[in-house]
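Shown here: structure-v2.cif, mmCIF, C-alpha atoms and all ligand atoms.
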```
data_protein
loop_
_atom_site.label_atom_id
_atom_site.label_comp_id
_atom_site.auth_asym_id
_atom_site.auth_seq_id
_atom_site.Cartn_x
_atom_site.Cartn_y
_atom_site.Cartn_z
CA MET A 1 -52.78 76.95 72.18
CA THR A 2 -56.48 76.28 71.66
CA LEU A 3 -58.07 72.96 72.36
CA LEU A 4 -58.80 72.60 68.68
CA GLN A 5 -55.17 72.87 67.72
CA SER A 6 -53.94 69.56 66.38
CA ARG A 7 -50.64 68.30 67.61
CA PRO A 8 -48.19 66.38 65.46
CA PRO A 9 -48.06 62.60 65.84
CA LEU A 10 -45.07 61.06 67.59
CA PRO A 11 -42.23 60.91 65.03
CA SER A 12 -41.96 57.12 65.35
CA ASP A 13 -42.97 54.30 67.64
CA ASP A 14 -39.71 54.68 69.56
CA LYS A 15 -41.05 54.88 73.09
CA ARG A 16 -38.62 57.61 74.00
CA TRP A 17 -40.97 60.01 72.23
CA LYS A 18 -43.57 59.15 74.86
CA LEU A 19 -41.19 60.38 77.54
CA VAL A 20 -40.80 63.66 75.67
CA ASN A 21 -44.52 63.94 75.08
CA ALA A 22 -45.21 63.32 78.76
CA THR A 23 -43.09 66.35 79.65
CA MET A 24 -45.08 68.53 77.26
CA ARG A 25 -48.41 67.15 78.38
CA ARG A 26 -47.52 67.76 82.02
CA ASN A 27 -47.00 71.40 81.08
CA GLY A 28 -50.24 71.64 79.12
CA TYR A 29 -48.24 71.90 75.86
CA ALA A 30 -47.43 75.48 76.83
CA GLY A 31 -44.58 77.33 75.16
CA HIS A 32 -42.87 77.99 78.47
CA ALA A 33 -42.16 74.26 78.65
CA LEU A 34 -39.68 74.54 75.79
CA ILE A 35 -36.44 74.31 77.74
CA GLU A 36 -37.72 71.54 80.00
CA THR A 37 -38.90 69.68 76.90
CA LEU A 38 -35.55 70.04 75.14
CA HIS A 39 -33.89 68.67 78.27
CA SER A 40 -36.22 65.74 78.14
CA VAL A 41 -35.32 65.11 74.47
CA GLN A 42 -31.65 65.21 75.33
CA ASP A 43 -32.12 63.00 78.38
CA ALA A 44 -33.91 60.39 76.25
CA PHE A 45 -31.95 60.61 72.98
CA GLY A 46 -28.62 62.08 73.99
CA PHE A 47 -28.92 64.94 71.51
CA LEU A 48 -31.36 67.16 69.65
CA ASP A 49 -31.86 66.61 65.94
CA GLU A 50 -34.13 68.26 63.45
CA THR A 51 -36.84 65.62 63.82
CA ALA A 52 -37.00 66.28 67.55
CA MET A 53 -37.00 70.04 67.12
CA ARG A 54 -39.79 69.91 64.55
CA PHE A 55 -41.84 67.66 66.82
CA VAL A 56 -41.36 69.93 69.82
CA ALA A 57 -42.07 73.05 67.80
CA GLY A 58 -45.29 71.58 66.39
CA SER A 59 -46.42 70.28 69.76
CA LEU A 60 -45.79 73.53 71.64
CA ASP A 61 -47.06 75.68 68.77
CA LEU A 62 -43.73 77.46 68.41
CA SER A 63 -41.76 78.22 65.26
CA LEU A 64 -38.94 75.90 64.34
CA SER A 65 -36.57 78.86 64.33
CA LYS A 66 -37.50 79.67 67.92
CA VAL A 67 -36.82 76.10 69.02
CA PHE A 68 -33.60 75.95 67.03
CA GLY A 69 -32.52 79.29 68.48
CA VAL A 70 -33.00 78.13 72.06
CA ALA A 71 -31.33 74.77 71.36
CA THR A 72 -28.24 76.43 69.92
CA PHE A 73 -28.07 79.26 72.45
CA TYR A 74 -27.72 77.07 75.52
CA HIS A 75 -24.48 75.15 75.64
CA LEU A 76 -26.17 72.51 77.75
CA PHE A 77 -27.85 71.17 74.67
CA MET A 78 -26.07 68.87 72.26
CA LEU A 79 -27.10 69.12 68.64
CA LYS A 80 -26.98 66.06 66.43
CA PRO A 81 -23.40 64.79 66.47
CA LYS A 82 -21.23 65.02 63.39
CA GLY A 83 -19.88 61.48 63.51
CA ARG A 84 -21.05 58.94 60.94
CA HIS A 85 -22.19 56.77 63.82
CA ALA A 86 -23.75 57.82 67.11
CA CYS A 87 -23.36 55.76 70.26
CA VAL A 88 -25.60 56.99 73.07
CA VAL A 89 -24.73 55.42 76.42
CA CYS A 90 -27.46 55.62 79.03
CA THR A 91 -26.06 56.62 82.41
CA GLY A 92 -29.40 56.87 84.21
CA THR A 93 -29.67 55.23 87.63
CA ALA A 94 -30.60 51.73 86.46
CA CYS A 95 -27.90 51.68 83.81
CA TYR A 96 -25.32 53.25 86.07
CA ILE A 97 -25.88 50.59 88.70
CA LYS A 98 -25.44 47.91 86.03
CA GLY A 99 -22.13 49.27 84.83
CA ALA A 100 -22.73 52.09 82.34
CA GLY A 101 -19.67 53.88 83.70
CA GLY A 102 -17.54 50.95 82.60
CA LEU A 103 -18.95 51.24 79.07
CA VAL A 104 -18.04 54.92 78.89
CA ASP A 105 -14.54 54.15 80.20
CA ALA A 106 -14.08 51.32 77.71
CA ILE A 107 -15.05 53.57 74.79
CA GLN A 108 -12.71 56.26 76.03
CA GLU A 109 -9.87 53.79 76.33
CA ARG A 110 -10.43 52.07 72.99
CA PHE A 111 -11.39 55.03 70.79
CA ALA A 112 -9.97 57.97 72.74
CA VAL A 113 -13.31 59.73 72.69
CA GLY A 114 -15.41 60.89 75.63
CA PRO A 115 -19.05 61.88 76.07
CA GLY A 116 -20.03 64.72 73.76
CA GLU A 117 -17.01 64.10 71.52
CA THR A 118 -16.42 62.69 68.05
CA THR A 119 -13.41 60.72 66.89
CA GLU A 120 -10.95 62.64 64.74
CA ASP A 121 -11.91 60.64 61.66
CA ASN A 122 -15.60 61.52 62.26
CA ARG A 123 -16.44 57.86 62.49
CA LEU A 124 -18.00 57.82 65.94
CA SER A 125 -19.74 60.29 68.23
CA VAL A 126 -20.36 59.37 71.86
CA LEU A 127 -23.26 60.81 73.81
CA ILE A 128 -24.85 60.35 77.19
CA ALA A 129 -28.56 59.96 77.95
CA ARG A 130 -30.29 60.00 81.34
CA CYS A 131 -32.83 57.25 80.57
CA VAL A 132 -33.61 55.75 77.19
CA GLY A 133 -36.75 54.07 78.49
CA ALA A 134 -35.29 50.58 78.65
CA CYS A 135 -34.30 50.26 82.31
CA GLY A 136 -35.11 46.53 82.26
CA LEU A 137 -32.33 46.14 79.69
CA ALA A 138 -29.71 48.02 81.69
CA PRO A 139 -27.06 48.90 80.86
CA ALA A 140 -28.54 50.17 77.61
CA VAL A 141 -26.87 51.77 74.63
CA VAL A 142 -28.54 53.20 71.54
CA LEU A 143 -26.28 52.71 68.56
CA ASP A 144 -27.36 54.53 65.40
CA GLY A 145 -30.92 54.57 66.71
CA ALA A 146 -31.06 50.85 67.59
CA MET A 147 -31.45 49.84 71.21
CA GLN A 148 -28.78 47.47 72.49
CA GLY A 149 -29.60 46.12 75.93
CA LYS A 150 -27.54 44.46 78.66
CA GLN A 151 -24.28 45.49 77.12
CA THR A 152 -20.93 44.36 78.40
CA ALA A 153 -17.88 46.41 77.53
CA GLN A 154 -16.66 43.53 75.40
CA GLN A 155 -19.90 43.30 73.40
CA LEU A 156 -20.03 47.01 72.87
CA MET A 157 -16.40 47.25 71.75
CA THR A 158 -17.04 44.46 69.23
CA ARG A 159 -20.06 46.31 67.85
CA LEU A 160 -18.21 49.60 67.64
CA GLU A 161 -15.19 48.04 65.97
CA ARG A 162 -17.42 46.57 63.28
CA LEU A 163 -18.80 49.96 62.22
CA ASP A 164 -17.57 51.23 58.87
S1 LIG B 201 -31.79 54.33 83.23
FE1 LIG B 201 -30.97 53.54 81.41
S2 LIG B 201 -32.73 52.94 80.34
FE2 LIG B 201 -33.54 53.83 82.10
#
```
Please express what this file holds, its structure, as structure tokens.
Ligand code: FES
Amino acid sequence: MTLLQSRPPLPSDDKRWKLVNATMRRNGYAGHALIETLHSVQDAFGFLDETAMRFVAGSLDLSLSKVFGVATFYHLFMLKPKGRHACVVCTGTACYIKGAGGLVDAIQERFAVGPGETTEDNRLSVLIARCVGACGLAPAVVLDGAMQGKQTAQQLMTRLERLD
């Protein structure tokens, strides 16, 4: 990549994109940072969607098909879940200490669905992130893209039950 190459703007003001961008910057936006960058997307968002893959491809000056190929080849990466709703539970250190494990257990018990899985009716997909950039709000959950901080199992179950 030349210095003159322009990089795409962050897809939104969601600060998780800054975490992803920091990984790429630390690697000089070099193509070899692809796998590390995809890990950082998954750690922050819980999964890889097309927006993320386009952003990473543009930033690292790689083709979208290359990024998509790597993302689908490695089973470690979760592609965008198929459920109508996506609940990403952060189990990073701060959230774990504040009870994220209990949130995962409560979801499993109530909806019979574990991390990386989708309910049979395709209503809800559950994912795990390693830090969603809101440690001060631990335990944090991102429900359909909206940050929900300081969640108790009771609060989260109420939110999830209300989904259509
Ligand atoms: S560890 Fe959960 S938001 Fe940082």
Counting all atoms listed in the file, which residues of range 38-105 of chain A fall within 8 Å of range 132-140 of chain A, and what is the closest atom pair for each with its distance in Å at one decimal, ordered by chain and rising number, as JSON lines?
```
{"residue": "A:Asp43", "atom": "CA", "partner": "A:Val132", "partner_atom": "CA", "distance": 7.5}
{"residue": "A:Ala44", "atom": "CA", "partner": "A:Val132", "partner_atom": "CA", "distance": 4.7}
{"residue": "A:Phe45", "atom": "CA", "partner": "A:Val132", "partner_atom": "CA", "distance": 6.6}
{"residue": "A:Val89", "atom": "CA", "partner": "A:Ala140", "partner_atom": "CA", "distance": 6.6}
{"residue": "A:Cys90", "atom": "CA", "partner": "A:Ala140", "partner_atom": "CA", "distance": 5.7}
{"residue": "A:Thr91", "atom": "CA", "partner": "A:Pro139", "partner_atom": "CA", "distance": 7.9}
{"residue": "A:Ala94", "atom": "CA", "partner": "A:Cys135", "partner_atom": "CA", "distance": 5.8}
{"residue": "A:Cys95", "atom": "CA", "partner": "A:Pro139", "partner_atom": "CA", "distance": 4.1}
{"residue": "A:Tyr96", "atom": "CA", "partner": "A:Pro139", "partner_atom": "CA", "distance": 7.0}
{"residue": "A:Lys98", "atom": "CA", "partner": "A:Pro139", "partner_atom": "CA", "distance": 5.5}
{"residue": "A:Gly99", "atom": "CA", "partner": "A:Pro139", "partner_atom": "CA", "distance": 6.3}
{"residue": "A:Ala100", "atom": "CA", "partner": "A:Pro139", "partner_atom": "CA", "distance": 5.6}
```
Mind writing the picked residues with C-alpha atoms as a PDB file, in the frame of the given file?
```pdb
ATOM      1  CA  ASP A  43     -32.120  63.000  78.380  1.00  0.00           C
ATOM      2  CA  ALA A  44     -33.910  60.390  76.250  1.00  0.00           C
ATOM      3  CA  PHE A  45     -31.950  60.610  72.980  1.00  0.00           C
ATOM      4  CA  VAL A  89     -24.730  55.420  76.420  1.00  0.00           C
ATOM      5  CA  CYS A  90     -27.460  55.620  79.030  1.00  0.00           C
ATOM      6  CA  THR A  91     -26.060  56.620  82.410  1.00  0.00           C
ATOM      7  CA  ALA A  94     -30.600  51.730  86.460  1.00  0.00           C
ATOM      8  CA  CYS A  95     -27.900  51.680  83.810  1.00  0.00           C
ATOM      9  CA  TYR A  96     -25.320  53.250  86.070  1.00  0.00           C
ATOM     10  CA  LYS A  98     -25.440  47.910  86.030  1.00  0.00           C
ATOM     11  CA  GLY A  99     -22.130  49.270  84.830  1.00  0.00           C
ATOM     12  CA  ALA A 100     -22.730  52.090  82.340  1.00  0.00           C
TER      13      ALA A 100
END
```
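Among the candidates A:Gly114, A:Gly58, A:Gly46, A:Gly101, the residue lying nearest to Leu10 in chain A is A:Gly58 (atoms considered: all atoms listed in the file).
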*Name all residues at most 12 Å from Asn27 in chain A (count all atoms listed in the file; drop same-chain ones fewer than 4 positions away) and give them as a list in words.*
Met1, Val20, Asn21, Ala22, Thr23, Gly31, His32, Ala33, Leu34, Ile35, Glu36, Thr37, Ser59 and Leu60 of chain A
So that I have them on file, write out the residues from the current selection with C-alpha atoms, as an mmCIF file, keeping the file's coordinate frame.
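Output file again37.cif is given in full below:
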```cif
data_model
loop_
_atom_site.group_PDB
_atom_site.id
_atom_site.type_symbol
_atom_site.label_atom_id
_atom_site.label_comp_id
_atom_site.auth_asym_id
_atom_site.auth_seq_id
_atom_site.Cartn_x
_atom_site.Cartn_y
_atom_site.Cartn_z
ATOM 1 C CA MET A 1 -52.780 76.950 72.180
ATOM 2 C CA VAL A 20 -40.800 63.660 75.670
ATOM 3 C CA ASN A 21 -44.520 63.940 75.080
ATOM 4 C CA ALA A 22 -45.210 63.320 78.760
ATOM 5 C CA THR A 23 -43.090 66.350 79.650
ATOM 6 C CA GLY A 31 -44.580 77.330 75.160
ATOM 7 C CA HIS A 32 -42.870 77.990 78.470
ATOM 8 C CA ALA A 33 -42.160 74.260 78.650
ATOM 9 C CA LEU A 34 -39.680 74.540 75.790
ATOM 10 C CA ILE A 35 -36.440 74.310 77.740
ATOM 11 C CA GLU A 36 -37.720 71.540 80.000
ATOM 12 C CA THR A 37 -38.900 69.680 76.900
ATOM 13 C CA SER A 59 -46.420 70.280 69.760
ATOM 14 C CA LEU A 60 -45.790 73.530 71.640
#
```
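Distance check against ligand LIG 201 (chain B) using all atoms listed in the file: of A:Gly102, A:Ile107, A:Cys131, A:Arg159, the minimum falls on A:Cys131.
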_Polymer residues at most 12 Å from (-19.5, 47.7, 59.6) by all atoms listed in the file, as a PyMOL selection string_ = chain A and resi 84-85+123+144+158-164
*Any idea what the distance is between CA of Phe47 in chain A and CA of Leu79 in chain A?*
5.4 Å
*asked:* Measuring between all atoms listed in the file, which one of A:Val113, A:Val126, A:Leu48, A:Val88 shows the shortest distance to ligand LIG 201 (chain B)?
replied: A:Val88
*State, in Å with one decimal place, the distance from CA of Trp17 in chain A to CA of Val67 in chain A.*
16.9 Å
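Nearest to ligand LIG 201 (chain B) of all the residues A:Gln155, A:Tyr29, A:Ile97, A:Ala146 is A:Ile97, based on all atoms listed in the file.
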*asked:* Just the number, please: distance in Å from CA of Val56 in chain A to CA of Arg26 in chain A, one decimal.
replied: 13.8 Å
Around ligand LIG 201 (chain B), fit a box with edges along x, y and z, padding it by 5 Å on each side, then list its centre and edge lengths in Å to one decimal as lines of an AutoDock Vina configuration file.
```
center_x = -32.3
center_y = 53.6
center_z = 81.8
size_x = 12.6
size_y = 11.4
size_z = 12.9
```
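Among A:Thr93, A:Asn122, A:Ser6, A:Thr152, the residue with the shortest atom-to-atom distance to ligand LIG 201 (chain B), counting all atoms listed in the file, is A:Thr93.
Counting all atoms listed in the file, the residue from A:Met157, A:Leu38, A:Ala129, A:Ala52 that sits nearest to ligand LIG 201 (chain B) is A:Ala129.
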*Which polymer residues have any atom within 8 Å of an atom of range 115-117 of chain A, counting only C-alpha atoms, with same-chain residues fewer than 4 positions away left out, as a PyMOL selection string?*
chain A and resi 78+104+125-128
